[in-house]
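Structure first, commentary second.
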Amino acid sequence: MKFLISLILTAALSFAICLYCPWWSIAIVAFLVAALIPQKPFVSFLTGFLALFILWFCLTLYISNNNEHILAHKVSMIILKEDNPFALILMTAGIGSIVAAFAALAGSFARKTK
Amino acid sequence: MRILPFVITSAITVGLIVSLNTSLLLPAPLGSLLSPQQGIWQNAEDDNYNFSADLKFPQLKGKVNVYLDDRLVPHVFAEKENDVYFVQGYLHAKFRLWQMELQTLAAAGRASEIIGDKALEHDREFRRLGMVYAAEISEKEVEKDPVIKGECDSYTAGVNAYINSLTESELPIEYKLLDYKPEQWNNLKTALFLKYMSYDLSGHEDDFEMTNAKSFFSPDDFDKLFPLVQDSLDPIIPKGTVFDSAKVKPIPPANVDSVYFGNKDLADVQEEKPDRDNGSNNWAVSGSKTRSGAPILCNDPHLGLNLPSLWFEMQLSTPTFNAYGATFPGAPGVVIGFNDSAAFGFTNGGRDVRDYYEIKFKDATRKEYWFDSAWKQTDFRVEVIKIKDRPDYLDTVAYTVFGPVMYDKSFTGGRTNGKNYAVRWKAHDPSDDLKAFNMLDHANNYADYNAAVTNLHNPGQNCVFACKSGDIAMRAQGEFPAKWKGQGDFVMPGVDSSYMWQGMIPQDETPFQYNPARGFVSSANQKPTDSTYQYYLGRDYPEYRGLYINRRLNAMNDITVQDMMDLQTSEYDVFAEMAVPVFLKNMQEDMLSEKEEKYYSILKYWNFTDDAKSKGATIFNILWKEFTKVVYDDEYADAPKVIMHPFESTLLESVLRDSTYKFLDNINTDRVETLSDDVTDAFEKAVVEIEKTDKAGKLEWAKYKDTHISHLTKLEAFSSLHLPVGGGTYCVNAIKADHGPSWRMVVSLKPQTEAYGIYPGGQSGNPGSKYYDDYINKWVEGKYNILWMMAKGEEKDPRIKWKMSFSN
């Protein structure tokens with residue numbers, strides 16, 4: 001249950017904060033959620049990872065789909081040197097999730113104060 | 001707290017963020033770049049994006065409604081005239097901000113700020129050419145004209161209104177990729193944009209190459225290689241036109257033969273050059289030659305082809321004027337288009353308005369230079385060039401009575417002789433060129449047109465005009481120096497005033513044509529007149545497109561819009577029509593091997609059409625290149641690297657005139673080679689490349705030519721490559737590898753105007769939009785869009801997809 005709440009909270013707050021703040025505020029969100037809702041370090045890590053993977057994956061897939069992947073085709077050529085929109089979407093989700101995962105892990109270690 | 005794990009994981013997190021948010025470790029800040037809510041994904045425009053909006057700006061004086069049609073062309077209806085320019089600025093920025101800014105940064109010699117020190121040479125060259133100096137002068141000129149000042153101020157305010165409304169996520173994708181932010185627009189940037197066009201269209205000269213050719217070759221050879229007369233010339237203003245004697249009579253300096261024409265100095269400057277074929281076609285046929293009885297006006301300016309396109313299509317409508325056509329993102333008004341009574345267009349004049357003077361400084365400080373028998377003080381202008389990730393570069397440029405000393409010890413441009421050269425460029429003179437477009441947008445008749453275009457001083461343009469009353473006209477417009485014969489063809493002495501430009505050709509001596517008996521006017525960058533014109537015109541003019549257009553227009557009657565489109569997209573190569581018979585007549589066929597015979601027969605049965613599939617066009621082009629080498633390479637073997645080569649027309653006309661043309665002989669052999677020897681030799685050499693091309697599967701003309709439209713950054717992913725399109729330098733449809741008809745327009749001035757146009761791009765500058773390049777395929781196929789001059793009351797037309805309303 002805690003896992004699901006943390007997951008949803010991390011994803012939802014990350015979405016909200018990125019409407020106004022730089023992308024890396026997802027780390028602050030993941031950190032705080034992990035610090036406030038105690039879970040085992042590895043579980044926190046997984047929560048942060050999955051929350052942002054799902055969020056960024058769905059967001060970019062939705063955006064790119066509505067764009068008929070016009071931009072993803074081109075940018076994947078620039079960044080990945082191959083025409084592969086899906087790989088670019090995975091890469092995006094990967095970046096968000098790895099940052100959030102480590103932030104959540106740090107948050108979970110911070111929690112262990114008491 | 002578990003201190004150690006906490007510290008380690010925190011450090012990893014921060015490390016990840018820093019490396020993903022900067023370019024310290026990665027080539028790009030991938031985190032910020034790919035973040036879905038701010039990065040490049042935000043530039044992935046929704047397929048059903050809703051462009052409608054309701055916007056308020058206190059700067060507006062009244063209401064403005066913008067109707068965007070299904071091709072994303074804005075039809076702007078403003079209650080107050082200057083409001084239309086505000087909204088034009090806003091929309092230019094909304095759809096093309098990055099390109100507008102980049103072009104003005106490049107014009108101002110500020111490219112290093114964005115791409116680093118690899119642009120430093122470009123920036124120094126542009127500063128030293130006086131691009132910013134010229135733009136400042138023209139900005140001051142605009143200040144004196146309340147109408148144009150008001151227009152520019154509104155335009156600037158509109159651009160800035162958009163920039164100020166931009167959020168991080170809405171930045172054009174190029175800013176995100178190159179990691180910088182747009183700055184505020186101002187009138188100087190508009191002036192800089194126009195100077196960039198001046199550079200592109202009137203910045204070309206071959207003074208150093210010609211100087212070296214004059215020094216290297218004997219006077220007799222020089223005249224044979226660089227004749228002033230072209231046999232096939234069919235000038236813009238037809239032969240036989242009578243010109244009065246000149247009102248301004250430039251006098252050659254007393255020492256001109258010894259010091260100037262006889263000078264054997266070599267100057268070795270390698271400079272950045274605008275494309276020599278920055279040309280265009282335009283013509284107008286009068287109602288007497290058309291089926292509808294109404295005049296038809298056509299124009300296709302040939303420029304470098306890029307994405308986002310140079311042009312943006314718009315309709316601007318106010319109570320005082322209603323104009324439709326191609327606009328420049330970066331400048332207010334409609335540039336090539338039509339209004340309710342008339343249509344107008346341009347081709348480049350190509351006159352030589354950029355000359356060099358050799359300056360003698362007293363010493364290395366460059367503080368004084370020798371002029372009219374005394375030491376004269378120089379003015380210094382310090383150019384501060386900011387460079388990305390590097391300290392600023394300070395470039396001190398000396399200014400003389402002639403203009404800036406572009407080349408000196410500190411900026412050699414690749415030269416080796418240690419001399420100083422000042423540049424005199426017409427674009428440095430004050431002029432209010434935007435007024436020409438403003439007045440054309442308002443023009444109702446021939447008198448309005450004349451009054452409008454005389455404001456256009458630089459770049460000089462052949463201005464075509466037609467109006468509903470039936471008038472057609474052409475003016476070889478511009479403000480041009482009245483030169484004595486040969487003035488400015490070579491680098492001139494700068495030690496006294498005798499070599500300076502002595503005056504400008506008066507506007508009433510501008511060559512023009514108004515309702516000529518032949519029923520049409522036309523221009524295709526050929527020489528404006530024959531040699532009976534009272535002023536010296538130089539020698540660098542392409543003649544073939546004009547020749548063909550006039551041939552066709554002369555023969556045509558009962559002309560329809562479709563006929564004009566067919567002519568505009570004609571791939572007939574009139575140069576080949578004249579050159580191929582020379583090859584066929586002189587080829588020693590019995591010398592050819594079986595393989596050579598195969599390619600030779602393709603050439604033999606070629607129909608002189610540069611269509612996409614044509615193999616003959618490729619073979620001819622390779623053969624012509626080899627033929628030129630066989631004829632001239634021996635004479636040029638010891639020439640300086642920077643030297644002029646003869647125009648194609650010179651070689652063709654020389655061998656047509658005289659089959660014993662002096663240069664046909666190879667000076668390295670004992671025997672005297674004939675035209676037939678050279679042609680056969682060239683073909684044998686050409687077959688090597690032809691065969692290689694054939695084996696690579698690229699013998700078809702479009703594959704060999706490989707036309708592409710590159711994004712301004714040259715990023716291939718944002719470019720349109722390998723276009724299956726024909727045409728070529730000598731065709732009316734002058735599509736080369738990266739250059740060609742940048743906007744095609746045909747306007748039939750019937751009571752209800754019928755207009756067609758297309759440019760190779762799309763209205764949106766965003767590579768993530770489906771409107772980014774959606775016209776390209778149609779352009780390749782030679783098809784046109786309908787240019788719809790929307791009228792009040794048509795707001796419910798199904799073509800209208802979105803409405804933006806602006807109010808204060």
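Just so we're on the same page: first chain in the structure tokens is A, next is B, and so on; residues restart at 1 for each chain, and ligands are numbered from 1 in the order they show up.
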
Neighbouring residues of segment 57-64 of chain A were defined as those with any atom within 10 Å, considering only C-alpha atoms; residues of the same chain fewer than 4 positions away were excluded. Please report them as an mmCIF file with N, CA and C atoms, in the first residue's frame.
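Result file is part_36.cif:
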```cif
data_model
loop_
_atom_site.group_PDB
_atom_site.id
_atom_site.type_symbol
_atom_site.label_atom_id
_atom_site.label_comp_id
_atom_site.auth_asym_id
_atom_site.auth_seq_id
_atom_site.Cartn_x
_atom_site.Cartn_y
_atom_site.Cartn_z
ATOM 1 N N PHE A 15 4.811 15.605 -11.799
ATOM 2 C CA PHE A 15 4.110 16.235 -12.918
ATOM 3 C C PHE A 15 3.778 17.685 -12.566
ATOM 4 N N ALA A 51 8.002 5.345 -10.690
ATOM 5 C CA ALA A 51 7.109 6.509 -10.759
ATOM 6 C C ALA A 51 7.479 7.373 -11.949
ATOM 7 N N LEU A 52 8.773 7.681 -12.065
ATOM 8 C CA LEU A 52 9.190 8.578 -13.143
ATOM 9 C C LEU A 52 9.250 7.873 -14.493
ATOM 10 N N PHE A 53 9.526 6.563 -14.415
ATOM 11 C CA PHE A 53 9.536 5.848 -15.695
ATOM 12 C C PHE A 53 8.133 5.878 -16.302
ATOM 13 N N GLU A 68 2.324 12.400 -34.361
ATOM 14 C CA GLU A 68 2.656 11.356 -35.334
ATOM 15 C C GLU A 68 4.158 11.091 -35.380
ATOM 16 N N HIS A 69 4.804 11.330 -34.251
ATOM 17 C CA HIS A 69 6.248 11.083 -34.065
ATOM 18 C C HIS A 69 7.141 11.881 -35.024
ATOM 19 N N ILE A 70 6.586 12.951 -35.608
ATOM 20 C CA ILE A 70 7.390 13.756 -36.546
ATOM 21 C C ILE A 70 8.697 14.198 -35.883
ATOM 22 N N LEU A 71 8.559 14.782 -34.698
ATOM 23 C CA LEU A 71 9.747 15.317 -34.034
ATOM 24 C C LEU A 71 10.656 14.201 -33.523
ATOM 25 N N ALA A 72 10.058 13.151 -32.970
ATOM 26 C CA ALA A 72 10.859 12.057 -32.409
ATOM 27 C C ALA A 72 11.721 11.392 -33.486
ATOM 28 N N HIS A 73 11.160 11.272 -34.685
ATOM 29 C CA HIS A 73 11.956 10.731 -35.792
ATOM 30 C C HIS A 73 13.214 11.574 -35.987
ATOM 31 N N PRO A 85 12.054 6.583 -32.887
ATOM 32 C CA PRO A 85 11.297 7.378 -31.915
ATOM 33 C C PRO A 85 11.102 6.634 -30.590
ATOM 34 N N PHE A 86 10.849 5.335 -30.660
ATOM 35 C CA PHE A 86 10.569 4.599 -29.428
ATOM 36 C C PHE A 86 11.799 4.572 -28.521
ATOM 37 N N LEU A 88 13.977 6.886 -28.315
ATOM 38 C CA LEU A 88 14.102 8.211 -27.706
ATOM 39 C C LEU A 88 13.135 8.349 -26.528
ATOM 40 N N ILE A 89 11.952 7.763 -26.685
ATOM 41 C CA ILE A 89 10.979 7.803 -25.593
ATOM 42 C C ILE A 89 11.504 7.007 -24.396
ATOM 43 N N LEU A 90 12.070 5.843 -24.667
ATOM 44 C CA LEU A 90 12.648 5.028 -23.588
ATOM 45 C C LEU A 90 13.802 5.754 -22.909
ATOM 46 N N MET A 91 14.608 6.420 -23.701
ATOM 47 C CA MET A 91 15.747 7.142 -23.155
ATOM 48 C C MET A 91 15.262 8.261 -22.220
ATOM 49 N N THR A 92 14.223 8.958 -22.669
ATOM 50 C CA THR A 92 13.647 10.021 -21.843
ATOM 51 C C THR A 92 13.170 9.450 -20.514
ATOM 52 N N ALA A 93 12.391 8.376 -20.599
ATOM 53 C CA ALA A 93 11.875 7.758 -19.376
ATOM 54 C C ALA A 93 13.023 7.281 -18.495
ATOM 55 N N GLY A 94 14.067 6.765 -19.109
ATOM 56 C CA GLY A 94 15.234 6.274 -18.370
ATOM 57 C C GLY A 94 15.915 7.386 -17.586
ATOM 58 N N GLY A 96 14.611 10.271 -16.489
ATOM 59 C CA GLY A 96 13.775 10.672 -15.359
ATOM 60 C C GLY A 96 13.828 9.647 -14.246
ATOM 61 N N SER A 97 13.759 8.373 -14.625
ATOM 62 C CA SER A 97 13.643 7.345 -13.598
ATOM 63 C C SER A 97 14.950 7.156 -12.826
ATOM 64 N N LEU B 34 15.451 16.540 -22.851
ATOM 65 C CA LEU B 34 14.436 15.499 -23.062
ATOM 66 C C LEU B 34 13.303 15.548 -22.036
ATOM 67 N N SER B 35 13.382 16.446 -21.058
ATOM 68 C CA SER B 35 12.310 16.456 -20.071
ATOM 69 C C SER B 35 10.983 16.746 -20.783
ATOM 70 N N PRO B 36 9.984 15.910 -20.556
ATOM 71 C CA PRO B 36 8.762 15.996 -21.369
ATOM 72 C C PRO B 36 8.018 17.315 -21.232
ATOM 73 N N GLN B 37 8.161 17.967 -20.095
ATOM 74 C CA GLN B 37 7.351 19.161 -19.889
ATOM 75 C C GLN B 37 8.078 20.461 -20.242
ATOM 76 N N TRP B 41 10.328 17.746 -26.324
ATOM 77 C CA TRP B 41 9.005 17.133 -26.534
ATOM 78 C C TRP B 41 7.927 18.203 -26.630
ATOM 79 N N GLN B 42 8.167 19.321 -25.985
ATOM 80 C CA GLN B 42 7.192 20.408 -26.051
ATOM 81 C C GLN B 42 7.117 21.013 -27.456
ATOM 82 N N ASN B 43 8.115 20.740 -28.289
ATOM 83 C CA ASN B 43 8.086 21.240 -29.668
ATOM 84 C C ASN B 43 7.414 20.255 -30.619
ATOM 85 N N ALA B 44 7.003 19.113 -30.080
ATOM 86 C CA ALA B 44 6.283 18.138 -30.907
ATOM 87 C C ALA B 44 4.836 18.613 -30.985
ATOM 88 N N GLU B 45 4.540 19.323 -32.035
ATOM 89 C CA GLU B 45 3.242 19.981 -32.147
ATOM 90 C C GLU B 45 2.135 18.959 -32.373
ATOM 91 N N ASP B 46 1.089 19.101 -31.582
ATOM 92 C CA ASP B 46 -0.049 18.194 -31.705
ATOM 93 C C ASP B 46 -0.623 18.281 -33.119
ATOM 94 N N ASP B 47 -0.948 17.117 -33.633
ATOM 95 C CA ASP B 47 -1.507 17.026 -34.977
ATOM 96 C C ASP B 47 -2.741 17.910 -35.145
ATOM 97 N N GLY B 768 9.203 20.224 -35.563
ATOM 98 C CA GLY B 768 8.262 19.277 -34.960
ATOM 99 C C GLY B 768 6.826 19.525 -35.382
#
```

* To do: Write out as a PyMOL selection string every residue belonging to chain A that has an atom at most 7 Å from any atom of chain B, counting only C-alpha atoms.
  => chain A and resi 18-19+23-24+56+59-60+63-64+66-67+70-71+74+77-78+92+95+99+102-103+105-106+109-113

Selection from above, N, CA and C atoms, as an mmCIF file, in the first residue's frame, can you write it?
```cif
data_model
loop_
_atom_site.group_PDB
_atom_site.id
_atom_site.type_symbol
_atom_site.label_atom_id
_atom_site.label_comp_id
_atom_site.auth_asym_id
_atom_site.auth_seq_id
_atom_site.Cartn_x
_atom_site.Cartn_y
_atom_site.Cartn_z
ATOM 1 N N CYS A 18 6.816 20.168 -12.271
ATOM 2 C CA CYS A 18 7.472 20.474 -13.549
ATOM 3 C C CYS A 18 6.661 21.434 -14.414
ATOM 4 N N LEU A 19 5.442 21.724 -13.980
ATOM 5 C CA LEU A 19 4.690 22.749 -14.710
ATOM 6 C C LEU A 19 5.325 24.114 -14.452
ATOM 7 N N TRP A 23 13.205 20.678 -14.674
ATOM 8 C CA TRP A 23 12.960 19.241 -14.729
ATOM 9 C C TRP A 23 13.518 18.496 -13.528
ATOM 10 N N TRP A 24 14.680 18.967 -12.997
ATOM 11 C CA TRP A 24 15.318 18.210 -11.926
ATOM 12 C C TRP A 24 14.594 18.343 -10.593
ATOM 13 N N TRP A 56 7.118 9.719 -17.240
ATOM 14 C CA TRP A 56 7.782 10.291 -18.427
ATOM 15 C C TRP A 56 7.534 9.452 -19.673
ATOM 16 N N LEU A 59 3.902 10.341 -20.676
ATOM 17 C CA LEU A 59 3.837 11.716 -21.173
ATOM 18 C C LEU A 59 4.408 11.825 -22.580
ATOM 19 N N THR A 60 5.617 11.316 -22.756
ATOM 20 C CA THR A 60 6.267 11.466 -24.069
ATOM 21 C C THR A 60 5.564 10.627 -25.129
ATOM 22 N N ILE A 63 2.545 12.653 -26.072
ATOM 23 C CA ILE A 63 2.922 13.825 -26.889
ATOM 24 C C ILE A 63 3.342 13.384 -28.290
ATOM 25 N N SER A 64 4.197 12.379 -28.332
ATOM 26 C CA SER A 64 4.776 11.965 -29.608
ATOM 27 C C SER A 64 3.734 11.328 -30.520
ATOM 28 N N ASN A 66 0.543 12.067 -30.582
ATOM 29 C CA ASN A 66 -0.277 13.145 -31.141
ATOM 30 C C ASN A 66 0.456 13.938 -32.205
ATOM 31 N N ASN A 67 1.763 13.783 -32.223
ATOM 32 C CA ASN A 67 2.606 14.479 -33.194
ATOM 33 C C ASN A 67 2.933 13.557 -34.374
ATOM 34 N N ILE A 70 6.586 12.951 -35.608
ATOM 35 C CA ILE A 70 7.390 13.756 -36.546
ATOM 36 C C ILE A 70 8.697 14.198 -35.883
ATOM 37 N N LEU A 71 8.559 14.782 -34.698
ATOM 38 C CA LEU A 71 9.747 15.317 -34.034
ATOM 39 C C LEU A 71 10.656 14.201 -33.523
ATOM 40 N N LYS A 74 13.025 12.896 -36.023
ATOM 41 C CA LYS A 74 14.154 13.779 -36.318
ATOM 42 C C LYS A 74 15.148 13.845 -35.162
ATOM 43 N N MET A 77 17.376 10.943 -34.647
ATOM 44 C CA MET A 77 18.501 10.961 -35.589
ATOM 45 C C MET A 77 19.652 11.803 -35.043
ATOM 46 N N ILE A 78 19.313 12.875 -34.357
ATOM 47 C CA ILE A 78 20.354 13.774 -33.845
ATOM 48 C C ILE A 78 21.010 13.179 -32.595
ATOM 49 N N THR A 92 14.223 8.958 -22.669
ATOM 50 C CA THR A 92 13.647 10.021 -21.843
ATOM 51 C C THR A 92 13.170 9.450 -20.514
ATOM 52 N N ILE A 95 16.055 8.553 -18.213
ATOM 53 C CA ILE A 95 16.707 9.677 -17.542
ATOM 54 C C ILE A 95 15.922 10.104 -16.311
ATOM 55 N N VAL A 99 17.276 9.406 -12.165
ATOM 56 C CA VAL A 99 17.446 10.545 -11.259
ATOM 57 C C VAL A 99 16.513 10.395 -10.059
ATOM 58 N N PHE A 102 17.620 7.498 -7.549
ATOM 59 C CA PHE A 102 18.700 7.829 -6.612
ATOM 60 C C PHE A 102 18.260 8.878 -5.593
ATOM 61 N N ALA A 103 17.439 9.816 -6.024
ATOM 62 C CA ALA A 103 16.938 10.811 -5.086
ATOM 63 C C ALA A 103 16.087 10.135 -4.016
ATOM 64 N N LEU A 105 16.290 7.045 -3.056
ATOM 65 C CA LEU A 105 17.179 6.252 -2.206
ATOM 66 C C LEU A 105 17.815 7.143 -1.150
ATOM 67 N N ALA A 106 18.297 8.317 -1.573
ATOM 68 C CA ALA A 106 18.873 9.269 -0.631
ATOM 69 C C ALA A 106 17.827 9.665 0.401
ATOM 70 N N PHE A 109 17.388 6.986 2.992
ATOM 71 C CA PHE A 109 18.488 6.962 3.978
ATOM 72 C C PHE A 109 18.370 8.135 4.945
ATOM 73 N N ALA A 110 17.889 9.271 4.468
ATOM 74 C CA ALA A 110 17.725 10.444 5.330
ATOM 75 C C ALA A 110 16.704 10.151 6.422
ATOM 76 N N ARG A 111 15.703 9.376 6.062
ATOM 77 C CA ARG A 111 14.607 9.024 6.952
ATOM 78 C C ARG A 111 15.105 8.262 8.175
ATOM 79 N N LYS A 112 16.153 7.485 7.993
ATOM 80 C CA LYS A 112 16.597 6.561 9.043
ATOM 81 C C LYS A 112 17.214 7.271 10.246
ATOM 82 N N THR A 113 16.964 8.592 10.396
ATOM 83 C CA THR A 113 17.539 9.372 11.487
ATOM 84 C C THR A 113 17.150 8.836 12.842
#
```

* Asked: Please, which residues of segment 264-512 of chain B, numbered as in this document, come out alpha helix (DSSP H) from DSSP, as a PyMOL selection string?
  -> chain B and resi 434-442+446-453

Mind dumping the selected residues with C-alpha atoms as an mmCIF file, in the first residue's frame?
```cif
data_model
loop_
_atom_site.group_PDB
_atom_site.id
_atom_site.type_symbol
_atom_site.label_atom_id
_atom_site.label_comp_id
_atom_site.auth_asym_id
_atom_site.auth_seq_id
_atom_site.Cartn_x
_atom_site.Cartn_y
_atom_site.Cartn_z
ATOM 1 C CA LEU B 434 11.501 49.661 -46.809
ATOM 2 C CA LYS B 435 9.530 52.613 -48.130
ATOM 3 C CA ALA B 436 9.549 50.971 -51.554
ATOM 4 C CA PHE B 437 7.707 47.912 -50.221
ATOM 5 C CA ASN B 438 5.358 49.993 -48.111
ATOM 6 C CA MET B 439 4.360 52.075 -51.142
ATOM 7 C CA LEU B 440 4.094 49.042 -53.434
ATOM 8 C CA ASP B 441 1.716 47.409 -50.957
ATOM 9 C CA HIS B 442 -0.419 50.576 -51.294
ATOM 10 C CA TYR B 446 1.743 52.918 -62.652
ATOM 11 C CA ALA B 447 2.469 56.327 -61.111
ATOM 12 C CA ASP B 448 2.283 54.833 -57.607
ATOM 13 C CA TYR B 449 4.636 52.041 -58.658
ATOM 14 C CA ASN B 450 7.163 54.482 -60.061
ATOM 15 C CA ALA B 451 7.054 56.626 -56.946
ATOM 16 C CA ALA B 452 7.423 53.490 -54.814
ATOM 17 C CA VAL B 453 10.346 51.738 -56.442
#
```

9 Å contact set for segment 12-14 of chain A, only C-alpha atoms, chain neighbours under 2 positions out, as a PDB file with N, CA and C atoms, in the first residue's frame:
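Ended up saving to part.pdb:
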```
ATOM      1  N   LEU A   7       4.371   5.704  -4.944  1.00  0.00           N
ATOM      2  CA  LEU A   7       4.516   5.709  -6.399  1.00  0.00           C
ATOM      3  C   LEU A   7       3.630   6.788  -7.028  1.00  0.00           C
ATOM      4  N   ILE A   8       2.364   6.772  -6.627  1.00  0.00           N
ATOM      5  CA  ILE A   8       1.412   7.713  -7.214  1.00  0.00           C
ATOM      6  C   ILE A   8       1.772   9.139  -6.818  1.00  0.00           C
ATOM      7  N   LEU A   9       2.142   9.295  -5.542  1.00  0.00           N
ATOM      8  CA  LEU A   9       2.482  10.629  -5.034  1.00  0.00           C
ATOM      9  C   LEU A   9       3.710  11.183  -5.768  1.00  0.00           C
ATOM     10  N   THR A  10       4.713  10.359  -5.911  1.00  0.00           N
ATOM     11  CA  THR A  10       5.927  10.807  -6.611  1.00  0.00           C
ATOM     12  C   THR A  10       5.597  11.223  -8.038  1.00  0.00           C
ATOM     13  N   ALA A  16       3.232  17.877 -11.359  1.00  0.00           N
ATOM     14  CA  ALA A  16       2.782  19.213 -10.959  1.00  0.00           C
ATOM     15  C   ALA A  16       3.953  20.182 -10.861  1.00  0.00           C
ATOM     16  N   ILE A  17       5.015  19.753 -10.226  1.00  0.00           N
ATOM     17  CA  ILE A  17       6.122  20.692  -9.976  1.00  0.00           C
ATOM     18  C   ILE A  17       6.802  21.089 -11.296  1.00  0.00           C
ATOM     19  N   CYS A  18       6.816  20.168 -12.271  1.00  0.00           N
ATOM     20  CA  CYS A  18       7.472  20.474 -13.549  1.00  0.00           C
ATOM     21  C   CYS A  18       6.661  21.434 -14.414  1.00  0.00           C
ATOM     22  N   LEU A  19       5.442  21.724 -13.980  1.00  0.00           N
ATOM     23  CA  LEU A  19       4.690  22.749 -14.710  1.00  0.00           C
ATOM     24  C   LEU A  19       5.325  24.114 -14.452  1.00  0.00           C
ATOM     25  N   TRP A  23      13.205  20.678 -14.674  1.00  0.00           N
ATOM     26  CA  TRP A  23      12.960  19.241 -14.729  1.00  0.00           C
ATOM     27  C   TRP A  23      13.518  18.496 -13.528  1.00  0.00           C
ATOM     28  N   SER A  25      13.515  19.139 -10.520  1.00  0.00           N
ATOM     29  CA  SER A  25      12.731  19.158  -9.282  1.00  0.00           C
ATOM     30  C   SER A  25      12.106  17.798  -9.011  1.00  0.00           C
ATOM     31  N   ILE A  26      12.072  16.929 -10.020  1.00  0.00           N
ATOM     32  CA  ILE A  26      11.589  15.564  -9.770  1.00  0.00           C
ATOM     33  C   ILE A  26      12.431  14.881  -8.694  1.00  0.00           C
ATOM     34  N   ALA A  27      13.707  15.276  -8.611  1.00  0.00           N
ATOM     35  CA  ALA A  27      14.579  14.689  -7.587  1.00  0.00           C
ATOM     36  C   ALA A  27      14.131  15.120  -6.196  1.00  0.00           C
ATOM     37  N   ILE A  28      13.744  16.375  -6.060  1.00  0.00           N
ATOM     38  CA  ILE A  28      13.281  16.882  -4.769  1.00  0.00           C
ATOM     39  C   ILE A  28      12.012  16.144  -4.351  1.00  0.00           C
ATOM     40  N   VAL A  29      11.108  15.984  -5.338  1.00  0.00           N
ATOM     41  CA  VAL A  29       9.856  15.277  -5.052  1.00  0.00           C
ATOM     42  C   VAL A  29      10.145  13.841  -4.594  1.00  0.00           C
ATOM     43  N   ALA A  30      10.949  13.153  -5.370  1.00  0.00           N
ATOM     44  CA  ALA A  30      11.241  11.749  -5.048  1.00  0.00           C
ATOM     45  C   ALA A  30      11.924  11.638  -3.673  1.00  0.00           C
ATOM     46  N   ALA A  51       8.002   5.345 -10.690  1.00  0.00           N
ATOM     47  CA  ALA A  51       7.109   6.509 -10.759  1.00  0.00           C
ATOM     48  C   ALA A  51       7.479   7.373 -11.949  1.00  0.00           C
ATOM     49  N   LEU A  52       8.773   7.681 -12.065  1.00  0.00           N
ATOM     50  CA  LEU A  52       9.190   8.578 -13.143  1.00  0.00           C
ATOM     51  C   LEU A  52       9.250   7.873 -14.493  1.00  0.00           C
ATOM     52  N   LEU A  55       5.636   7.920 -15.527  1.00  0.00           N
ATOM     53  CA  LEU A  55       5.197   9.281 -15.841  1.00  0.00           C
ATOM     54  C   LEU A  55       5.813   9.779 -17.162  1.00  0.00           C
TER      55      LEU A  55
END
```

* Length of the atom CA of Leu537 of chain B to atom CA of Phe512 of chain B vector [Å] ->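 Value for the atom CA of Leu537 of chain B-atom CA of Phe512 of chain B distance: 15.1 Å.
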
* Surrounding residues of segment 693-696 of chain B excluding itself and chain neighbours under 6 positions, 12 Å, only C-alpha atoms, as a list of chain:residue names ->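 Those residues are B:Lys595, B:Lys598, B:Tyr599, B:Lys615, B:Gly616, B:Thr618, B:Ile619, B:Ile622, B:Ala686, B:Val687, B:Lys703, B:Tyr704, B:Lys705.
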
Can you write out the residues you just picked, keeping N, CA and C atoms, as a short mmCIF file (atom, residue, chain, number, x, y, z; two decimals), in the first residue's frame?
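The resulting result_9.cif:
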```
data_model
loop_
_atom_site.label_atom_id
_atom_site.label_comp_id
_atom_site.auth_asym_id
_atom_site.auth_seq_id
_atom_site.Cartn_x
_atom_site.Cartn_y
_atom_site.Cartn_z
N LYS B 595 32.34 1.67 -75.18
CA LYS B 595 31.79 2.23 -73.94
C LYS B 595 31.51 3.72 -74.12
N LYS B 598 28.49 4.42 -76.19
CA LYS B 598 27.22 4.25 -75.49
C LYS B 598 26.78 5.58 -74.85
N TYR B 599 27.70 6.22 -74.14
CA TYR B 599 27.35 7.48 -73.49
C TYR B 599 27.18 8.60 -74.51
N LYS B 615 19.48 11.46 -68.39
CA LYS B 615 20.89 11.08 -68.28
C LYS B 615 21.74 11.99 -69.16
N GLY B 616 21.13 12.49 -70.22
CA GLY B 616 21.83 13.40 -71.12
C GLY B 616 22.30 14.65 -70.39
N THR B 618 23.17 14.98 -67.29
CA THR B 618 24.34 14.68 -66.47
C THR B 618 25.59 14.57 -67.36
N ILE B 619 25.44 13.84 -68.46
CA ILE B 619 26.58 13.65 -69.36
C ILE B 619 27.05 15.01 -69.91
N ILE B 622 28.96 17.03 -67.16
CA ILE B 622 30.31 16.53 -66.90
C ILE B 622 31.21 16.85 -68.08
N ALA B 686 35.83 12.90 -69.75
CA ALA B 686 34.53 12.95 -69.06
C ALA B 686 33.98 11.55 -68.82
N VAL B 687 34.24 10.64 -69.77
CA VAL B 687 33.67 9.30 -69.65
C VAL B 687 34.14 8.61 -68.36
N LYS B 703 19.62 12.66 -59.45
CA LYS B 703 20.51 11.95 -58.53
C LYS B 703 21.90 12.55 -58.56
N TYR B 704 22.32 12.93 -59.74
CA TYR B 704 23.66 13.53 -59.88
C TYR B 704 23.70 14.90 -59.21
N LYS B 705 22.68 15.69 -59.47
CA LYS B 705 22.61 17.06 -58.95
C LYS B 705 22.39 17.07 -57.44
#
```
